[in-house]
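The structure appears below as structure tokens.
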Amino acid sequence: MNVNVLIELLMLILILFAVQHIRSSLMSGCCGGEDIVKRIPPEDGNSSHYPYKTTLIVEGMHCSNCVLRVENALNSVPGIYAKVNIESGKATVLMKTEQPLESLCDTVRRIGYSAHPAGSCRGADQPLI
């Protein structure tokens with residue numbers, strides 16, 4: 001068998017695998033695989049019970065599964081009610097008692113996203129909180 005034919009055959013196989021992977025990703029959501037993330041509500045769903053409010057900038061979200069992961073992580077913290085907007089990249093966090101902003105950002109970081117308080121200024125060389 002000619003070496004060129006063998007190389008072309010291998011390239012065709014690689015292209016087919018790549019197309020199949022891309023198609024699979026598009027069909028199932030960019031980050032969720034075949035598993036759809038289920039929403040975990042906060043322990044108290046009445047937003048009027050939360051007198052404190054802050055906003056976090058969340059970076060790295062790409063789809064509705066990402067939004068649910070961030071909301072679920074924050075809502076799993078007692079006394080927190082969070083809503084995330086993927087278009088703005090912001091998480092609105094309502095709290096029954098004031099929480100350290102670094103703690104909220106750490107909660108988001110533990111699940112693989114970057115976060116910092118909306119009002120904070122960072123230089124290009126400063127790490128995200």
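Chain identifiers are assigned as A, B, and so on, following the order in which chains appear in the structure tokens; residues are numbered from 1 within each chain, and ligands are numbered from 1 in order of appearance.
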- Message: For the strand (DSSP E) assignment from backbone DSSP, which residues of stretch 13-127 of chain A qualify? Please present them as an MDAnalysis selection string.
- Response: chainID A and resid 52:59 80:85 90:95 114:117
Limited to N, CA, C and O atoms, could you put the picked residues into a file as a short mmCIF file (atom, residue, chain, number, x, y, z; two decimals), in the first residue's frame?
```
data_model
loop_
_atom_site.label_atom_id
_atom_site.label_comp_id
_atom_site.auth_asym_id
_atom_site.auth_seq_id
_atom_site.Cartn_x
_atom_site.Cartn_y
_atom_site.Cartn_z
N TYR A 52 -29.25 41.45 52.82
CA TYR A 52 -27.96 41.86 52.28
C TYR A 52 -27.82 41.38 50.84
O TYR A 52 -28.31 40.33 50.47
N LYS A 53 -27.12 42.19 50.05
CA LYS A 53 -26.99 41.88 48.62
C LYS A 53 -25.60 42.26 48.13
O LYS A 53 -25.05 43.29 48.52
N THR A 54 -25.05 41.41 47.27
CA THR A 54 -23.80 41.74 46.59
C THR A 54 -23.86 41.14 45.19
O THR A 54 -24.72 40.31 44.89
N THR A 55 -22.95 41.59 44.35
CA THR A 55 -22.88 41.07 42.99
C THR A 55 -21.46 40.59 42.73
O THR A 55 -20.49 41.27 43.06
N LEU A 56 -21.36 39.41 42.15
CA LEU A 56 -20.07 38.84 41.76
C LEU A 56 -19.99 38.79 40.25
O LEU A 56 -20.98 38.52 39.57
N ILE A 57 -18.80 39.02 39.73
CA ILE A 57 -18.53 38.79 38.31
C ILE A 57 -18.00 37.36 38.22
O ILE A 57 -17.04 37.01 38.90
N VAL A 58 -18.64 36.55 37.40
CA VAL A 58 -18.24 35.15 37.23
C VAL A 58 -17.75 34.97 35.81
O VAL A 58 -18.46 35.28 34.85
N GLU A 59 -16.54 34.47 35.67
CA GLU A 59 -15.94 34.26 34.35
C GLU A 59 -15.81 32.78 34.07
O GLU A 59 -15.53 31.99 34.96
N ILE A 80 -27.97 31.79 51.83
CA ILE A 80 -27.65 32.43 50.54
C ILE A 80 -28.75 32.11 49.53
O ILE A 80 -29.24 31.00 49.45
N TYR A 81 -29.11 33.13 48.76
CA TYR A 81 -30.04 33.00 47.63
C TYR A 81 -29.35 33.66 46.44
O TYR A 81 -29.11 34.86 46.45
N ALA A 82 -29.01 32.87 45.42
CA ALA A 82 -28.25 33.40 44.28
C ALA A 82 -28.99 33.21 42.97
O ALA A 82 -29.66 32.20 42.76
N LYS A 83 -28.85 34.19 42.11
CA LYS A 83 -29.35 34.14 40.73
C LYS A 83 -28.20 34.56 39.83
O LYS A 83 -27.52 35.56 40.10
N VAL A 84 -28.00 33.83 38.73
CA VAL A 84 -26.89 34.09 37.82
C VAL A 84 -27.44 34.46 36.45
O VAL A 84 -28.38 33.84 35.96
N ASN A 85 -26.83 35.47 35.83
CA ASN A 85 -27.20 35.91 34.49
C ASN A 85 -26.00 35.67 33.57
O ASN A 85 -24.96 36.30 33.75
N LYS A 90 -22.87 37.92 35.63
CA LYS A 90 -22.97 38.34 37.03
C LYS A 90 -23.84 37.39 37.85
O LYS A 90 -24.84 36.86 37.34
N ALA A 91 -23.44 37.22 39.10
CA ALA A 91 -24.24 36.49 40.07
C ALA A 91 -24.73 37.48 41.11
O ALA A 91 -23.92 38.17 41.74
N THR A 92 -26.03 37.59 41.26
CA THR A 92 -26.61 38.41 42.31
C THR A 92 -26.80 37.51 43.52
O THR A 92 -27.47 36.48 43.43
N VAL A 93 -26.17 37.88 44.62
CA VAL A 93 -26.17 37.05 45.81
C VAL A 93 -26.88 37.79 46.94
O VAL A 93 -26.44 38.86 47.36
N LEU A 94 -28.00 37.22 47.38
CA LEU A 94 -28.74 37.75 48.52
C LEU A 94 -28.33 36.93 49.74
O LEU A 94 -28.15 35.72 49.66
N MET A 95 -28.19 37.61 50.89
CA MET A 95 -27.70 36.95 52.10
C MET A 95 -28.55 37.31 53.30
O MET A 95 -28.98 38.46 53.43
N SER A 114 -13.96 31.46 37.66
CA SER A 114 -13.29 32.58 38.31
C SER A 114 -14.36 33.56 38.78
O SER A 114 -15.39 33.72 38.14
N ALA A 115 -14.11 34.21 39.91
CA ALA A 115 -15.09 35.16 40.44
C ALA A 115 -14.38 36.26 41.21
O ALA A 115 -13.34 36.04 41.81
N HIS A 116 -14.98 37.45 41.15
CA HIS A 116 -14.52 38.57 41.96
C HIS A 116 -15.70 39.50 42.19
O HIS A 116 -16.67 39.49 41.40
N PRO A 117 -15.67 40.27 43.27
CA PRO A 117 -16.77 41.20 43.54
C PRO A 117 -16.92 42.21 42.40
O PRO A 117 -15.92 42.67 41.83
#
```
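Among the residues of stretch 40-83 of chain A, backbone DSSP assigns alpha helix (DSSP H) to Ser64, Asn65, Cys66, Val67, Leu68, Arg69, Val70, Glu71, Asn72, Ala73, Leu74 and Asn75 of chain A.
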- Item | Atomic separation - atom CA of A:Ser88 relative to atom CA of A:Leu68, Å |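 Distance between the two atoms: 15.0 Å.
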- Task: For atom CA of A:Gly112 and atom CA of A:Ser76, determine how far apart the two atoms are, in Å to one decimal place.
- Result: 15.9 Å
- Message: Using only C-alpha atoms, can you tell me which of A:Asp106, A:Glu98, A:Glu8, A:Glu87 comes closest to A:Met61?
- Response: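 Smallest separation from A:Met61 among the options: A:Glu87.
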- Item | Interatomic distance (Å, one decimal) between atom CA of A:Ile111 and atom CA of A:Ser47 |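 Computing it gives 24.3 Å between the two atoms.
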- Query: For A:Gly60, which residue out of A:Gly119, A:Leu16, A:Gly89, A:Leu9 is the nearest one, using only C-alpha atoms?
  - Reply: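 Residue with the minimum atom-to-atom distance to A:Gly60: A:Gly89.
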